[in-house]
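Visitor: First, the structure itself, so that you have it in front of you.
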2 protein chains.
Amino acid sequence: MTKKQGRKATLAEVAAMAEVDVSTVSRVLRGQSEQRIRAETRDRILEVAKKLNYRANYTARALRMSRTFTLGIVVPQLDNPVFSAAIRGAENVAAQHGYSLLISHRDPGEAGPTIAKLSQMNRVDGLLVASLDADEVLRSDLAEANVPYVLLNRQLPGTALSVVLDSREAARRATEHLMSLGHRRIGHLGGRPGGFNAQERLAGYRAALDAANIPFDPLLVAMGDYTFDAGRVSVRELAKTDATAIMAATLVSAAGAMAELRLAGWQLPQEMSVIALHDALFAEMLFPALSTVMMPTEEMGRVAAELLISKLSGADPEPVRALPPGRLIIRDSTVAPRIGARISK
Amino acid sequence: MTKKQGRKATLAEVAAMAEVDVSTVSRVLRGQSEQRIRAETRDRILEVAKKLNYRANYTARALRMSRTFTLGIVVPQLDNPVFSAAIRGAENVAAQHGYSLLISHRDPGEAGPTIAKLSQMNRVDGLLVASLDADEVLRSDLAEANVPYVLLNRQLPGTALSVVLDSREAARRATEHLMSLGHRRIGHLGGRPGGFNAQERLAGYRAALDAANIPFDPLLVAMGDYTFDAGRVSVRELAKTDATAIMAATLVSAAGAMAELRLAGWQLPQEMSVIALHDALFAEMLFPALSTVMMPTEEMGRVAAELLISKLSGADPEPVRALPPGRLIIRDSTVAPRIGARISK
DNA sequence: TTGAAAGCGCTACCAC
DNA sequence: GTGGTAGCGCTTTCAA
């Protein structure tokens with residue numbers, strides 16, 4: 001608050017002071033076709049612009065060009081490392097190409113005018129959309145979009161652009177790690193049964209089991225959603241079984257599971273190993289520090305932004321890009337099963 | 001991607017189809033001075049607008065009015081509940097007043113053109129700024145701003161608008177809680193020594209001690225920054241003392257302290273109680289679940305947005321608003337000191 | 001109660 | 001090489 005400074009300088013003012021036409025200033029300032037401007041003129045203009053601290057008026061440019069050079073990203077939560085990493089990645093790529101990123105946070109409960117609003121008001125040239133909603137909801141939201149968009153870690157039948165993480169492979173690796181420690185009875189704490197990602201993770205889990213000739217036991221699978229509380233609740237099912245390890249779909253549900261087990265008197269990790277998908281500083285803060293399989297969420301943001309920008313530039317890119325999971329991070333939450341492990345609670 | 005739909009309808013098209021002038025359409029559509037329009041005309045216009053799915057072009061309006069109806073908020077991190085809550089609060093108030101919120105994430109390391117860029121390019125009408133930077137850095141960044149701004153949880157000498165949390169009172173309450181459990185040797189895990197907030201927290205800690213006639217012991221204070229790793233490192237100082245409890249400045253540094261102590265073989269909370277300022281779901285995920293004093297961060301965002309908007313509307317509000325801390329949340333990390341507690345490690 | 005017209009600040013086309 | 005100029009789609013006087 002404070003500092004009142006002179007009005008912002010306009011192109012016309014620069015032109016007047018440099019004694020040239022606005023069109024010339026415009027050409028010079030965008031560095032475009034430099035060769036067609038006399039060096040002397042250009043220097044004079046540059047000097048004046050600098051002296052006046054000229055900055056192009058973004059709004060005027062956007063109106064004239066019918067382009068905002070802004071990408072929108074809509075995420076369901078902000079305080080979630082998955083999304084903040086994606087934002088970071090997208091932001092970097094966007095900046096590299098001269099785009100800004102308009103972040104729009106959209107609570108899942110809330111009616112979803114975000115996509116409609118952003119695109120219909122001409123605020124963005126394109127949209128990056130992450131969603132935890134059910135397919136039909138997402139689809140109807142997207143129907144309102146009148147700009148190109150790319151989906152983050154979602155696939156929707158049709159020609160929608162999207163970049164997806166290979167959750168199936170990540171789940172397979174996580175499960176495999178547990179098996180390599182000697183676990184045979186491995187529980188899975190999954191996501192919403194209908195969801196694409198939940199299905200993929202379950203499939204990866206089963207694939208790992210199959211490869212090791214361990215029969216699949218539906219009792220060892222507890223589906224919930226990806227929240228802390230769901231983790232707490234769902235793990236109770238698993239606690240009744242003879243599982244010695246759990247492969248959880250997310251960090252947060254793993255945290256819930258661990259909290260609940262400890263509350264019920266379990267020794268961790270001795271009586272139950274836990275591994276989760278995704279990685280964040282947060283995994284290290286838990287007790288025991290959580291083993292994970294990393295997921296390249298920042299890269300997902302980067303790739304998505306690239307995809308969108310290439311689309312905006314008139315290219316016709318491959319509609320879906322899949323990203324392989326990152327490496328396994330072994331911390332303290334996964335150990336070999338105890339001989340004579342606790343039998344249910 | 002997908003769905004190509006007709007060009008967006010413009011005011012002129014609506015006007016043509018309704019057989020009136022654009023100015024009339026404009027008046028009607030903004031619902032302004034409704035009384036001065038014949039009902040019949042208005043209905044016809046409304047109908048056409050709806051049929052054409054007309055949406056005002058945001059850019060054109062912004063250019064014409066020299067206002068973007070957009071507020072910018074710049075935060076140092078996104079995946080931090082403190083900032084995401086503030087964003088949520090600000091977003092709500094902004095929406096209520098017809099403003100959008102442009103979120104700008106600015107890594108602390110990075111040079112800080114964000115403020116300059118946002119304001120100088122006329123992208124925002126005003127700025128909400130949260131920063132973890134040192135005063136001088138922040139001040140020089142702000143010097144570039146040519147729109148009104150309000151500081152979040154910071155005060156800078158001068159007339160800057162700001163809304164601050166009462167960290168001092170929160171620290172006092174947290175310390176008091178520890179004392180009420182019987183602790184007398186209480187350590188403080190603080191922030192960067194120069195920082196305003198760090199000072200306030202330290203002051204609150206001392207105030208609580210004074211009120212209970214417990215002498216202040218500089219050995220019981222470890223200043224670091226607010227990170228997990230700093231928490232780990234700083235707590236080692238405290239571990240050498242006879243402290244039986246720790247009042248940590250943030251959730252994250254508390255988490256670091258707990259992790260480090262446990263690694264060194266301490267029993268928590270029996271051998272060391274820990275309490276932190278701020279609250280988030282995250283506190284519940286730690287082990288032991290962390291006791292905290294809540295801080296009204298979402299309200300901070302709300303109030304800041306209100307302050308800014310009132311300033312933008314030409315009012316001349318009180319420059320600084322202080323928000324009292326929220327309540328004490330007692331979880332599992334704070335217990336009475338053990339008789340004959342462990343003497344150093 | 002409605003219409004006409006003047007721009008907001010910029011870019012891009014067409015002259016010279 | 002440089003200048004003139006026509007708008008982008010909207011709001012807002014001023015007239016009628």
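Ordering of the structure tokens sets the chain letters (A, B, ...), residue numbers begin anew at 1 in every chain, and ligands are numbered from 1 in the order given.
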With only C-alpha atoms (C1' of nucleotides) counted and 9 Å as the cut-off, give the residues of chain D in contact with chain C, each with its shortest interatomic distance in Å and the pair that gives it, as JSON lines.

Guide:
```
{"residue": "D:DT2", "atom": "C1'", "partner": "C:DC16", "partner_atom": "C1'", "distance": 8.9}
{"residue": "D:DG3", "atom": "C1'", "partner": "C:DC16", "partner_atom": "C1'", "distance": 8.4}
{"residue": "D:DG4", "atom": "C1'", "partner": "C:DA15", "partner_atom": "C1'", "distance": 8.0}
{"residue": "D:DA6", "atom": "C1'", "partner": "C:DC13", "partner_atom": "C1'", "distance": 8.9}
{"residue": "D:DT13", "atom": "C1'", "partner": "C:DA6", "partner_atom": "C1'", "distance": 8.7}
{"residue": "D:DA15", "atom": "C1'", "partner": "C:DA4", "partner_atom": "C1'", "distance": 8.3}
{"residue": "D:DA16", "atom": "C1'", "partner": "C:DG3", "partner_atom": "C1'", "distance": 8.1}
```

Visitor: Please return, as a list of chain:residue names, all residues of chain B lying within 10 Å of chain D when only C-alpha atoms (C1' of nucleotides) are considered.

Guide: B:Thr10, B:Leu11, B:Ala12, B:Val22, B:Ser23, B:Ser26, B:Arg27, B:Ala56, B:Asn57, B:Tyr58, B:Thr59, B:Ala60, B:Arg61, B:Ala62, B:Leu63, B:Arg64, B:Met65

Visitor: Create the file for the chosen residues now, containing all heavy atoms and written as a compact mmCIF listing (two decimals), in the first residue's frame.

Guide:
```txt
# COMPACT_ATOMS: atom_id res chain seq x y z
N THR B 10 -20.80 -12.55 -29.28
CA THR B 10 -20.40 -11.24 -28.77
C THR B 10 -21.63 -10.40 -28.50
O THR B 10 -22.74 -10.74 -28.90
CB THR B 10 -19.54 -10.49 -29.81
OG1 THR B 10 -20.42 -10.07 -30.87
CG2 THR B 10 -18.44 -11.36 -30.36
N LEU B 11 -21.37 -9.32 -27.84
CA LEU B 11 -22.43 -8.39 -27.51
C LEU B 11 -23.13 -7.94 -28.80
O LEU B 11 -24.37 -7.84 -28.85
CB LEU B 11 -21.79 -7.18 -26.83
CG LEU B 11 -22.62 -6.41 -25.83
CD1 LEU B 11 -23.26 -7.35 -24.84
CD2 LEU B 11 -21.72 -5.42 -25.12
N ALA B 12 -22.35 -7.68 -29.80
CA ALA B 12 -22.90 -7.18 -31.05
C ALA B 12 -23.87 -8.19 -31.66
O ALA B 12 -24.91 -7.82 -32.22
CB ALA B 12 -21.77 -6.88 -32.03
N VAL B 22 -25.99 -2.25 -29.01
CA VAL B 22 -25.11 -2.94 -28.07
C VAL B 22 -25.16 -2.30 -26.70
O VAL B 22 -25.08 -2.99 -25.68
CB VAL B 22 -23.64 -2.94 -28.54
CG1 VAL B 22 -23.44 -3.93 -29.66
CG2 VAL B 22 -23.20 -1.56 -28.93
N SER B 23 -25.26 -1.01 -26.67
CA SER B 23 -25.24 -0.34 -25.36
C SER B 23 -26.42 -0.80 -24.51
O SER B 23 -26.30 -0.97 -23.30
CB SER B 23 -25.23 1.17 -25.53
OG SER B 23 -26.34 1.56 -26.31
N SER B 26 -25.67 -4.22 -23.19
CA SER B 26 -24.69 -4.10 -22.11
C SER B 26 -25.38 -3.70 -20.81
O SER B 26 -25.16 -4.31 -19.77
CB SER B 26 -23.63 -3.06 -22.49
OG SER B 26 -22.75 -2.83 -21.41
N ARG B 27 -26.20 -2.70 -20.88
CA ARG B 27 -26.92 -2.24 -19.68
C ARG B 27 -27.75 -3.37 -19.08
O ARG B 27 -27.69 -3.64 -17.89
CB ARG B 27 -27.82 -1.07 -20.04
CG ARG B 27 -27.09 0.25 -20.09
CD ARG B 27 -28.04 1.42 -20.29
NE ARG B 27 -28.53 1.49 -21.67
CZ ARG B 27 -28.13 2.42 -22.54
NH1 ARG B 27 -27.27 3.34 -22.18
NH2 ARG B 27 -28.60 2.43 -23.75
N ALA B 56 -19.86 -12.59 -21.26
CA ALA B 56 -19.07 -11.39 -21.50
C ALA B 56 -17.61 -11.76 -21.71
O ALA B 56 -17.09 -12.64 -21.03
CB ALA B 56 -19.19 -10.44 -20.32
N ASN B 57 -16.97 -11.12 -22.61
CA ASN B 57 -15.55 -11.34 -22.81
C ASN B 57 -14.78 -10.59 -21.74
O ASN B 57 -14.76 -9.36 -21.69
CB ASN B 57 -15.13 -10.87 -24.19
CG ASN B 57 -13.66 -11.10 -24.44
OD1 ASN B 57 -12.84 -10.86 -23.57
ND2 ASN B 57 -13.34 -11.59 -25.62
N TYR B 58 -14.16 -11.39 -20.92
CA TYR B 58 -13.48 -10.84 -19.76
C TYR B 58 -12.38 -9.85 -20.14
O TYR B 58 -12.21 -8.81 -19.52
CB TYR B 58 -12.88 -12.01 -18.97
CG TYR B 58 -11.82 -11.58 -18.04
CD1 TYR B 58 -12.14 -11.04 -16.80
CD2 TYR B 58 -10.48 -11.67 -18.40
CE1 TYR B 58 -11.17 -10.61 -15.94
CE2 TYR B 58 -9.50 -11.24 -17.56
CZ TYR B 58 -9.85 -10.70 -16.33
OH TYR B 58 -8.88 -10.26 -15.50
N THR B 59 -11.64 -10.18 -21.16
CA THR B 59 -10.51 -9.35 -21.55
C THR B 59 -10.96 -7.97 -22.03
O THR B 59 -10.39 -6.95 -21.66
CB THR B 59 -9.72 -10.03 -22.69
OG1 THR B 59 -9.43 -11.37 -22.30
CG2 THR B 59 -8.44 -9.30 -22.96
N ALA B 60 -11.98 -7.98 -22.83
CA ALA B 60 -12.48 -6.71 -23.35
C ALA B 60 -12.98 -5.83 -22.21
O ALA B 60 -12.69 -4.63 -22.14
CB ALA B 60 -13.60 -6.96 -24.34
N ARG B 61 -13.70 -6.44 -21.32
CA ARG B 61 -14.21 -5.68 -20.19
C ARG B 61 -13.07 -5.12 -19.37
O ARG B 61 -13.09 -3.95 -18.97
CB ARG B 61 -15.09 -6.59 -19.32
CG ARG B 61 -15.52 -5.92 -18.06
CD ARG B 61 -16.42 -6.79 -17.23
NE ARG B 61 -17.70 -7.00 -17.89
CZ ARG B 61 -18.63 -7.81 -17.42
NH1 ARG B 61 -18.43 -8.49 -16.31
NH2 ARG B 61 -19.78 -7.92 -18.04
N ALA B 62 -12.08 -5.95 -19.12
CA ALA B 62 -10.96 -5.51 -18.31
C ALA B 62 -10.23 -4.34 -18.97
O ALA B 62 -9.85 -3.37 -18.33
CB ALA B 62 -9.99 -6.67 -18.08
N LEU B 63 -10.07 -4.43 -20.26
CA LEU B 63 -9.38 -3.35 -20.96
C LEU B 63 -10.17 -2.06 -20.86
O LEU B 63 -9.65 -1.01 -20.51
CB LEU B 63 -9.19 -3.72 -22.44
CG LEU B 63 -8.55 -2.63 -23.28
CD1 LEU B 63 -7.18 -2.26 -22.75
CD2 LEU B 63 -8.45 -3.07 -24.74
N ARG B 64 -11.43 -2.18 -21.14
CA ARG B 64 -12.27 -0.99 -21.12
C ARG B 64 -12.32 -0.34 -19.73
O ARG B 64 -12.25 0.86 -19.58
CB ARG B 64 -13.67 -1.41 -21.58
CG ARG B 64 -14.73 -0.33 -21.54
CD ARG B 64 -14.36 0.86 -22.42
NE ARG B 64 -14.46 2.07 -21.65
CZ ARG B 64 -15.26 3.08 -21.91
NH1 ARG B 64 -15.99 3.08 -23.01
NH2 ARG B 64 -15.31 4.12 -21.14
N MET B 65 -12.44 -1.18 -18.72
CA MET B 65 -12.61 -0.64 -17.38
C MET B 65 -11.29 -0.39 -16.65
O MET B 65 -11.28 0.12 -15.54
CB MET B 65 -13.48 -1.58 -16.55
CG MET B 65 -14.83 -1.83 -17.21
SD MET B 65 -15.86 -2.93 -16.22
CE MET B 65 -16.29 -1.87 -14.85
```

Visitor: Could you give me, as number ranges by chain, each residue of region 113-302 of chain A that DSSP assigns to alpha helix (DSSP H) when run on this structure's backbone?

Guide: A: 113-120, 135-143, 167-180, 196-211, 228-239, 251-263, 281-285, 297-302

Visitor: Once you have the residues from the selection above, write them out as a PDB file, in the first residue's frame, restricted to C-alpha atoms.

Guide:
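The resulting file, out27.pdb, is shown below:
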```
ATOM      1  CA  PRO A 113     -18.504 -24.014 -12.707  1.00  0.00           C
ATOM      2  CA  THR A 114     -14.757 -23.591 -12.682  1.00  0.00           C
ATOM      3  CA  ILE A 115     -14.050 -25.150 -16.010  1.00  0.00           C
ATOM      4  CA  ALA A 116     -16.947 -23.388 -17.606  1.00  0.00           C
ATOM      5  CA  LYS A 117     -16.063 -20.065 -16.089  1.00  0.00           C
ATOM      6  CA  LEU A 118     -12.415 -20.111 -16.925  1.00  0.00           C
ATOM      7  CA  SER A 119     -12.880 -21.074 -20.494  1.00  0.00           C
ATOM      8  CA  GLN A 120     -16.062 -19.298 -21.353  1.00  0.00           C
ATOM      9  CA  ASP A 135     -16.341 -40.031 -14.674  1.00  0.00           C
ATOM     10  CA  GLU A 136     -19.830 -38.766 -15.362  1.00  0.00           C
ATOM     11  CA  VAL A 137     -19.349 -35.669 -13.254  1.00  0.00           C
ATOM     12  CA  LEU A 138     -16.056 -34.874 -14.873  1.00  0.00           C
ATOM     13  CA  ARG A 139     -17.435 -35.496 -18.278  1.00  0.00           C
ATOM     14  CA  SER A 140     -20.304 -33.124 -17.815  1.00  0.00           C
ATOM     15  CA  ASP A 141     -17.984 -30.444 -16.475  1.00  0.00           C
ATOM     16  CA  LEU A 142     -15.746 -30.844 -19.439  1.00  0.00           C
ATOM     17  CA  ALA A 143     -18.628 -30.552 -21.818  1.00  0.00           C
ATOM     18  CA  SER A 167      -0.269 -46.856 -11.413  1.00  0.00           C
ATOM     19  CA  ARG A 168      -0.507 -50.466 -12.326  1.00  0.00           C
ATOM     20  CA  GLU A 169       3.211 -50.901 -12.655  1.00  0.00           C
ATOM     21  CA  ALA A 170       3.793 -48.904  -9.474  1.00  0.00           C
ATOM     22  CA  ALA A 171       1.397 -51.141  -7.576  1.00  0.00           C
ATOM     23  CA  ARG A 172       3.090 -54.175  -9.004  1.00  0.00           C
ATOM     24  CA  ARG A 173       6.498 -52.984  -7.876  1.00  0.00           C
ATOM     25  CA  ALA A 174       5.286 -52.127  -4.412  1.00  0.00           C
ATOM     26  CA  THR A 175       3.698 -55.522  -4.008  1.00  0.00           C
ATOM     27  CA  GLU A 176       6.773 -57.196  -5.374  1.00  0.00           C
ATOM     28  CA  HIS A 177       8.919 -55.442  -2.798  1.00  0.00           C
ATOM     29  CA  LEU A 178       6.747 -56.866  -0.062  1.00  0.00           C
ATOM     30  CA  MET A 179       7.040 -60.325  -1.550  1.00  0.00           C
ATOM     31  CA  SER A 180      10.794 -60.013  -1.827  1.00  0.00           C
ATOM     32  CA  PHE A 196      -9.815 -45.894 -13.048  1.00  0.00           C
ATOM     33  CA  ASN A 197      -6.810 -45.535 -10.786  1.00  0.00           C
ATOM     34  CA  ALA A 198      -8.195 -47.839  -8.163  1.00  0.00           C
ATOM     35  CA  GLN A 199      -8.682 -50.480 -10.818  1.00  0.00           C
ATOM     36  CA  GLU A 200      -5.198 -50.040 -12.135  1.00  0.00           C
ATOM     37  CA  ARG A 201      -3.663 -50.366  -8.711  1.00  0.00           C
ATOM     38  CA  LEU A 202      -5.651 -53.438  -7.950  1.00  0.00           C
ATOM     39  CA  ALA A 203      -4.600 -54.904 -11.280  1.00  0.00           C
ATOM     40  CA  GLY A 204      -0.939 -54.261 -10.493  1.00  0.00           C
ATOM     41  CA  TYR A 205      -1.343 -55.896  -7.127  1.00  0.00           C
ATOM     42  CA  ARG A 206      -2.912 -58.950  -8.705  1.00  0.00           C
ATOM     43  CA  ALA A 207      -0.285 -59.088 -11.399  1.00  0.00           C
ATOM     44  CA  ALA A 208       2.452 -59.257  -8.798  1.00  0.00           C
ATOM     45  CA  LEU A 209       0.628 -61.983  -6.926  1.00  0.00           C
ATOM     46  CA  ASP A 210       0.061 -63.955 -10.104  1.00  0.00           C
ATOM     47  CA  ALA A 211       3.683 -63.744 -11.077  1.00  0.00           C
ATOM     48  CA  PHE A 228      -6.913 -40.651   6.109  1.00  0.00           C
ATOM     49  CA  ASP A 229     -10.170 -41.672   7.695  1.00  0.00           C
ATOM     50  CA  ALA A 230     -10.920 -44.191   5.002  1.00  0.00           C
ATOM     51  CA  GLY A 231      -7.513 -45.660   5.651  1.00  0.00           C
ATOM     52  CA  ARG A 232      -8.370 -46.052   9.291  1.00  0.00           C
ATOM     53  CA  VAL A 233     -11.683 -47.690   8.629  1.00  0.00           C
ATOM     54  CA  SER A 234     -10.617 -49.958   5.813  1.00  0.00           C
ATOM     55  CA  VAL A 235      -7.603 -51.301   7.602  1.00  0.00           C
ATOM     56  CA  ARG A 236      -9.836 -52.850  10.206  1.00  0.00           C
ATOM     57  CA  GLU A 237     -10.936 -55.389   7.624  1.00  0.00           C
ATOM     58  CA  LEU A 238      -7.364 -56.223   6.907  1.00  0.00           C
ATOM     59  CA  ALA A 239      -6.514 -56.464  10.586  1.00  0.00           C
ATOM     60  CA  LEU A 251       0.372 -41.976   1.414  1.00  0.00           C
ATOM     61  CA  VAL A 252      -2.563 -40.605   3.272  1.00  0.00           C
ATOM     62  CA  SER A 253      -4.497 -43.833   3.453  1.00  0.00           C
ATOM     63  CA  ALA A 254      -1.318 -45.583   4.546  1.00  0.00           C
ATOM     64  CA  ALA A 255      -0.966 -43.025   7.319  1.00  0.00           C
ATOM     65  CA  GLY A 256      -4.525 -43.717   8.394  1.00  0.00           C
ATOM     66  CA  ALA A 257      -3.907 -47.425   8.411  1.00  0.00           C
ATOM     67  CA  MET A 258      -0.795 -47.104  10.498  1.00  0.00           C
ATOM     68  CA  ALA A 259      -2.449 -44.810  12.980  1.00  0.00           C
ATOM     69  CA  GLU A 260      -5.348 -47.169  13.415  1.00  0.00           C
ATOM     70  CA  LEU A 261      -3.220 -50.262  13.801  1.00  0.00           C
ATOM     71  CA  ARG A 262      -1.053 -48.598  16.393  1.00  0.00           C
ATOM     72  CA  LEU A 263      -4.119 -47.539  18.268  1.00  0.00           C
ATOM     73  CA  LEU A 281       8.520 -35.413   2.354  1.00  0.00           C
ATOM     74  CA  PHE A 282       5.515 -36.368   4.344  1.00  0.00           C
ATOM     75  CA  ALA A 283       6.366 -40.084   4.025  1.00  0.00           C
ATOM     76  CA  GLU A 284       9.490 -39.457   5.981  1.00  0.00           C
ATOM     77  CA  MET A 285       7.656 -37.739   8.780  1.00  0.00           C
ATOM     78  CA  THR A 297       3.903 -36.172 -10.541  1.00  0.00           C
ATOM     79  CA  GLU A 298       5.977 -33.133 -11.323  1.00  0.00           C
ATOM     80  CA  GLU A 299       6.818 -34.592 -14.667  1.00  0.00           C
ATOM     81  CA  MET A 300       3.160 -35.284 -15.220  1.00  0.00           C
ATOM     82  CA  GLY A 301       2.555 -31.559 -14.926  1.00  0.00           C
ATOM     83  CA  ARG A 302       5.393 -30.806 -17.268  1.00  0.00           C
TER      84      ARG A 302
END
```

Visitor: So that I can check the surroundings of region 13-20 of chain A, please list as an mmCIF file with N, CA and C atoms (P, O5', C5', C4', C3', O3' and C1' of nucleotides), in the first residue's frame every protein, DNA and RNA residue that reaches within 10 Å of it, counting only C-alpha atoms (C1' of nucleotides) and ignoring chain neighbours fewer than 4 positions away.

Guide:
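What landed in selection01.cif:
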```
data_model
loop_
_atom_site.group_PDB
_atom_site.id
_atom_site.type_symbol
_atom_site.label_atom_id
_atom_site.label_comp_id
_atom_site.auth_asym_id
_atom_site.auth_seq_id
_atom_site.Cartn_x
_atom_site.Cartn_y
_atom_site.Cartn_z
ATOM 1 N N LYS A 8 0.968 3.983 -15.558
ATOM 2 C CA LYS A 8 1.795 3.105 -16.349
ATOM 3 C C LYS A 8 2.000 3.718 -17.734
ATOM 4 N N ALA A 9 3.172 3.576 -18.238
ATOM 5 C CA ALA A 9 3.462 4.134 -19.558
ATOM 6 C C ALA A 9 2.799 3.287 -20.639
ATOM 7 N N THR A 24 5.944 1.173 -34.863
ATOM 8 C CA THR A 24 7.381 0.923 -34.828
ATOM 9 C C THR A 24 7.811 0.462 -33.439
ATOM 10 N N VAL A 25 7.277 1.147 -32.461
ATOM 11 C CA VAL A 25 7.615 0.759 -31.088
ATOM 12 C C VAL A 25 7.188 -0.680 -30.835
ATOM 13 N N SER A 26 5.986 -0.976 -31.259
ATOM 14 C CA SER A 26 5.476 -2.327 -31.063
ATOM 15 C C SER A 26 6.412 -3.353 -31.693
ATOM 16 N N THR A 41 17.265 3.791 -34.657
ATOM 17 C CA THR A 41 15.881 3.931 -34.212
ATOM 18 C C THR A 41 15.597 2.976 -33.068
ATOM 19 N N ARG A 42 16.011 1.760 -33.268
ATOM 20 C CA ARG A 42 15.727 0.754 -32.268
ATOM 21 C C ARG A 42 16.344 1.115 -30.920
ATOM 22 N N ASP A 43 17.563 1.553 -30.953
ATOM 23 C CA ASP A 43 18.224 1.892 -29.704
ATOM 24 C C ASP A 43 17.492 3.012 -28.981
ATOM 25 N N ARG A 44 17.064 3.980 -29.768
ATOM 26 C CA ARG A 44 16.376 5.126 -29.180
ATOM 27 C C ARG A 44 15.099 4.653 -28.484
ATOM 28 N N ILE A 45 14.370 3.798 -29.187
ATOM 29 C CA ILE A 45 13.122 3.296 -28.644
ATOM 30 C C ILE A 45 13.363 2.490 -27.366
ATOM 31 N N LEU A 46 14.324 1.616 -27.448
ATOM 32 C CA LEU A 46 14.654 0.793 -26.289
ATOM 33 C C LEU A 46 15.005 1.662 -25.089
ATOM 34 N N GLU A 47 15.740 2.683 -25.356
ATOM 35 C CA GLU A 47 16.182 3.564 -24.290
ATOM 36 C C GLU A 47 14.990 4.248 -23.618
ATOM 37 N N VAL A 48 14.131 4.777 -24.479
ATOM 38 C CA VAL A 48 12.954 5.472 -23.947
ATOM 39 C C VAL A 48 12.084 4.506 -23.149
ATOM 40 N N ALA A 49 11.885 3.322 -23.706
ATOM 41 C CA ALA A 49 11.042 2.331 -23.042
ATOM 42 C C ALA A 49 11.589 2.037 -21.661
ATOM 43 N N LYS A 50 12.877 1.901 -21.615
ATOM 44 C CA LYS A 50 13.498 1.590 -20.337
ATOM 45 C C LYS A 50 13.338 2.755 -19.370
ATOM 46 N N LYS A 51 13.543 3.926 -19.882
ATOM 47 C CA LYS A 51 13.446 5.116 -19.030
ATOM 48 C C LYS A 51 12.029 5.245 -18.462
ATOM 49 N N LEU A 52 11.068 4.925 -19.284
ATOM 50 C CA LEU A 52 9.674 5.034 -18.843
ATOM 51 C C LEU A 52 9.218 3.778 -18.096
ATOM 52 N N ASN A 53 10.088 2.813 -18.014
ATOM 53 C CA ASN A 53 9.746 1.526 -17.398
ATOM 54 C C ASN A 53 8.498 0.942 -18.036
ATOM 55 N N TYR A 54 8.516 0.954 -19.335
ATOM 56 C CA TYR A 54 7.352 0.469 -20.069
ATOM 57 C C TYR A 54 7.155 -1.035 -19.944
ATOM 58 P P DT D 2 13.622 2.857 -39.184
ATOM 59 O "O5'" DT D 2 12.133 3.261 -39.482
ATOM 60 C "C5'" DT D 2 11.903 4.506 -40.158
ATOM 61 C "C4'" DT D 2 10.431 4.678 -40.396
ATOM 62 C "C3'" DT D 2 9.559 4.710 -39.148
ATOM 63 O "O3'" DT D 2 9.199 6.057 -38.938
ATOM 64 C "C1'" DT D 2 8.536 3.531 -40.951
ATOM 65 P P DG D 3 8.153 6.483 -37.837
ATOM 66 O "O5'" DG D 3 6.816 6.472 -38.727
ATOM 67 C "C5'" DG D 3 6.758 7.307 -39.873
ATOM 68 C "C4'" DG D 3 5.353 7.296 -40.445
ATOM 69 C "C3'" DG D 3 4.237 7.557 -39.425
ATOM 70 O "O3'" DG D 3 3.285 8.420 -40.048
ATOM 71 C "C1'" DG D 3 3.865 5.480 -40.497
#
```

Visitor: Please compute the CA of Ile309 (chain B)-CA of Asn80 (chain A) distance, one decimal, in Å.

Guide: 28.7 Å

Visitor: Just list the residues in region 104-176 of chain B DSSP gives strand (DSSP E or B) on the backbone, as JSON, numbers by chain.

Guide: {"B": [104, 105, 126, 127, 128, 129, 149, 150, 151, 152, 161, 162, 163, 164, 165]}

Visitor: Quick one, how far is CA of Asp133 (chain A) from CA of Leu286 (chain A)?

Guide: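 Those two atoms sit 27.9 Å apart.
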
Visitor: Leu128 (chain A): which residues within 8 Å, counting only C-alpha atoms (C1' of nucleotides), same-chain residues fewer than 2 positions away excluded, as a list of chain:residue names?

Guide: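 Counting only C-alpha atoms (C1' of nucleotides), the residues come to A:Leu71, A:Gly72, A:Ile73, A:Val74, A:Gly126, A:Ala130, A:Tyr149, A:Val150, A:Leu151, A:Leu152, A:Ala304, A:Ala305, A:Leu308.
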
Visitor: State, in Å with one decimal place, the distance from CA of Ser66 (chain A) to CA of Val124 (chain A).

Guide: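 Interatomic distance, CA of Ser66 (chain A) to CA of Val124 (chain A): 10.3 Å.
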
Visitor: Please determine, counting only C-alpha atoms, which residue among A:Ala212, A:Leu312, A:Val164, A:Met294 has the shortest atom-to-atom distance to chain B.

Guide: A:Leu312

Visitor: Find, counting only C-alpha atoms (C1' of nucleotides), the residue in B:Arg67, B:Leu220, B:Gly191, B:Leu307 that gets nearest to chain C.

Guide: B:Arg67
